[in-house]
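Report on the structure given below.
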Amino acid sequence: MTKIDQIETMILDIPTIRGHVLSMATMRTQTAVLVKVRFSDGSEGIGEGTTIGGLSYGAESPEGIQSAIETYIAPALLGRSGDDVNGAIQLIDKLIKGNRIAKTAVEIALWDGLGKRLGLPVSQLFGGAVHDRLPVAWTLASGNSETDIAEALKMIETRRHNIFKLKIGKRSVREDVAHVARIKEAVGDAASVRVDVNTAWSLQDARWGLKGLQDAGCELVEQPVPARYRRAMAELTKGYEIAVMADEALNGPEDALEVAAALAADVFAVKIGQSGGLKRASEVIAIGQAAGLGLYGGTMLETGLSTAAALQLFSTVEDLAWGTELFGPLLLTEDILADPIIYRDFCVEIPKGVGIGAALDPDKIEFFRRDGGRTMKA
Ligand code: MUC
Ligand code: MG
């Protein structure tokens, strides 16, 4: 039996190419928690758990993710079979509440190790890829309309992105709608414009906001109101033509079922970290499909590592009607992979190779890693 021998964690702080202005935080660096799992046959798996803006986006911080892995997840898994990924997921779900991003980081490393030992990409472990590339959005969030327009036009011209997600919710609804309208006017029919409010609006704000956004030609609004406001999400979903997407409201399959049953979204933003791993994300996808909802491959602005893992799963999904936003590596000054993820012709390519299809660049890991982090042994 191939056993789980060793689990190592580390935190990386990587600068972003520009300030990324969201309703709840402005990011100038992204912090990723990496996990390396060493197996008894010498094989290794790598994983990542990443959030946004410290504790301003969700309940897990990078330091909390690392601590949950070191203190609770690793001791439960050390010495167990490395091939029994479902057994590990079930055990960890039983022992540990919440902490979905921490669980995801470890689970990715287990899938990666298993794929490498079998000589298969992780997509094959989920039944096989049906896409070799997927459409990929870019987020305009410089905090300035002119800078955003210049960025968008350059992305269209270089055929990198023709789907734009605008981060709004920091200014007044009226100012935000005017900002979105200016950008849509500048890109015209050459691009799809969507917005993410990251829960900043009240229901009252959102009624004005959705009316203005759809008149401006914006196609979709992501999480306009707080995650727990299901009735408000349902009213907005029913009341306007613009598509309403659930993001922060979706923490795993149980939430997905409740959101679908409450008719509280038209589209699911599926995030592997927020779902609690690839397996749980596949269950969120199944619920969305069964409910006839649109699907979108979401990101927590992860490095190439988690981006590769997400692509393994999303490549197996029949229809991601709203594409993906797996552009995380492009927001960072440096990609930490030896062979960076490829972006071209408005798409992201599914990495080839075994496991999640990603290998770390050791020099970059040394450069960006914070002091601390532990190696736990069986
Ligand atoms: C979010 O809330 O969706 C995804 C893209 C981006 O710019 O921020 C994230 C988080
Ligand atoms: Mg979002």
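Ordering of the structure tokens sets the chain letters (A, B, ...); residue numbers start at 1 within each chain; ligands are numbered from 1 in the order shown.
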
I want to know what sits within 9 Å of Leu250 in chain A, based on only C-alpha atoms, with residues of the same chain fewer than 5 positions away left out; could you give that as a count of residues only? 11

If the limit is 9 Å from any atom of ligand 2, counting only C-alpha atoms and all ligand atoms, which residues qualify? Return them as a PyMOL selection string. chain A and resi 167+195-199+222-223+245-248+269+298-300

Find the residues around range 45-59 of chain A up to 9 Å (only C-alpha atoms counted), leave out those fewer than 3 positions away in its own chain, and share them as a PyMOL selection string. chain A and resi 24-27+29-39+62-63+65-66+99-116+198+248+273-274+300-303+305-306+309+355-356+358-360

Those residues with C-alpha atoms, as a CSV table (one decimal), in the first residue's frame please?
chain,number,residue,atom,x,y,z
A,24,MET,CA,-14.1,44.7,0.4
A,25,ALA,CA,-10.3,45.0,-0.1
A,26,THR,CA,-7.6,46.3,-2.4
A,27,MET,CA,-5.1,43.6,-3.2
A,29,THR,CA,-0.2,40.9,-3.1
A,30,GLN,CA,-1.8,37.5,-3.3
A,31,THR,CA,-1.1,34.9,-0.5
A,32,ALA,CA,-1.2,31.2,-1.4
A,33,VAL,CA,-0.9,28.3,1.0
A,34,LEU,CA,0.9,25.4,-0.7
A,35,VAL,CA,0.9,21.8,0.4
A,36,LYS,CA,3.3,19.0,-0.6
A,37,VAL,CA,2.3,15.5,0.2
A,38,ARG,CA,5.1,12.8,0.1
A,39,PHE,CA,4.1,9.2,-0.4
A,62,PRO,CA,-4.0,32.0,4.8
A,63,GLU,CA,-2.6,31.6,8.3
A,65,ILE,CA,-5.6,27.5,6.4
A,66,GLN,CA,-2.0,26.5,7.2
A,99,ASN,CA,-12.3,24.9,6.6
A,100,ARG,CA,-13.1,24.1,3.0
A,101,ILE,CA,-10.1,25.9,1.5
A,102,ALA,CA,-7.7,24.0,3.8
A,103,LYS,CA,-9.4,20.7,2.8
A,104,THR,CA,-9.1,21.6,-0.9
A,105,ALA,CA,-5.4,22.2,-0.7
A,106,VAL,CA,-4.7,18.8,0.7
A,107,GLU,CA,-7.2,17.0,-1.5
A,108,ILE,CA,-5.6,18.5,-4.7
A,109,ALA,CA,-2.3,17.1,-3.5
A,110,LEU,CA,-3.9,13.7,-3.0
A,111,TRP,CA,-5.4,13.7,-6.5
A,112,ASP,CA,-2.2,15.0,-8.0
A,113,GLY,CA,-0.2,12.2,-6.3
A,114,LEU,CA,-2.7,9.5,-7.4
A,115,GLY,CA,-2.7,10.8,-11.0
A,116,LYS,CA,1.1,10.8,-11.1
A,198,ASN,CA,-19.0,40.8,-3.7
A,248,GLU,CA,-20.2,33.7,-1.8
A,273,GLY,CA,-11.7,26.1,-2.8
A,274,GLN,CA,-15.1,27.4,-1.8
A,300,MET,CA,-10.1,32.7,-5.8
A,301,LEU,CA,-7.3,34.3,-7.8
A,302,GLU,CA,-5.1,31.3,-7.2
A,303,THR,CA,-1.6,30.6,-8.6
A,305,LEU,CA,-1.2,25.3,-9.3
A,306,SER,CA,-4.8,25.5,-8.2
A,309,ALA,CA,-6.3,21.6,-10.6
A,355,GLY,CA,-1.7,14.6,-12.1
A,356,ILE,CA,-2.9,18.1,-12.2
A,358,ALA,CA,1.7,21.3,-13.0
A,359,ALA,CA,5.3,21.4,-11.6
A,360,LEU,CA,6.6,24.1,-9.3

I want to know what sits within 10 Å of Leu95 in chain A, based on only C-alpha atoms, with residues of the same chain fewer than 5 positions away left out; could you give that as a PDB file with C-alpha atoms, in the first residue's frame?
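Produced file selection11.pdb, reproduced below:
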ATOM      1  CA  TYR A  72      -5.913  18.840  12.334  1.00  0.00           C
ATOM      2  CA  ILE A  73      -5.882  17.550   8.744  1.00  0.00           C
ATOM      3  CA  ALA A  76      -5.599  12.450  10.569  1.00  0.00           C
ATOM      4  CA  GLN A  90     -14.923  11.395   4.002  1.00  0.00           C
TER       5      GLN A  90
END

Quick one: pick out all strand (DSSP E or B) residues within range 216-345 of chain A from a backbone DSSP run and write them as a PyMOL selection string. chain A and resi 220-222+243-246+267-270+294-297+324+332+337+343-344

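Excluding Asn162 in chain A and any residue on its chain fewer than 3 positions from it, the residues at most 7 Å away by only C-alpha atoms are Ala137, Ile156, Ala190, Ala191, Ser192 and Phe346 of chain A.
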
Dump N, CA and C atoms for the selected residues as a PDB file, in the first residue's frame?
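Final output, part-v6.pdb:
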ATOM      1  N   ALA A 137     -12.352  34.699 -18.712  1.00  0.00           N
ATOM      2  CA  ALA A 137     -12.612  36.126 -18.490  1.00  0.00           C
ATOM      3  C   ALA A 137     -11.406  36.787 -17.826  1.00  0.00           C
ATOM      4  N   ILE A 156      -8.574  42.748 -25.824  1.00  0.00           N
ATOM      5  CA  ILE A 156      -9.333  42.329 -27.019  1.00  0.00           C
ATOM      6  C   ILE A 156      -8.394  42.283 -28.226  1.00  0.00           C
ATOM      7  N   ALA A 190     -17.741  43.713 -29.036  1.00  0.00           N
ATOM      8  CA  ALA A 190     -16.515  42.902 -29.075  1.00  0.00           C
ATOM      9  C   ALA A 190     -16.305  42.110 -27.789  1.00  0.00           C
ATOM     10  N   ALA A 191     -17.050  42.453 -26.734  1.00  0.00           N
ATOM     11  CA  ALA A 191     -16.815  41.755 -25.461  1.00  0.00           C
ATOM     12  C   ALA A 191     -18.089  41.673 -24.636  1.00  0.00           C
ATOM     13  N   SER A 192     -18.117  40.662 -23.770  1.00  0.00           N
ATOM     14  CA  SER A 192     -19.196  40.508 -22.796  1.00  0.00           C
ATOM     15  C   SER A 192     -18.768  41.206 -21.506  1.00  0.00           C
ATOM     16  N   PHE A 346      -8.463  33.952 -26.467  1.00  0.00           N
ATOM     17  CA  PHE A 346      -9.569  34.162 -25.524  1.00  0.00           C
ATOM     18  C   PHE A 346      -9.845  32.941 -24.643  1.00  0.00           C
TER      19      PHE A 346
END
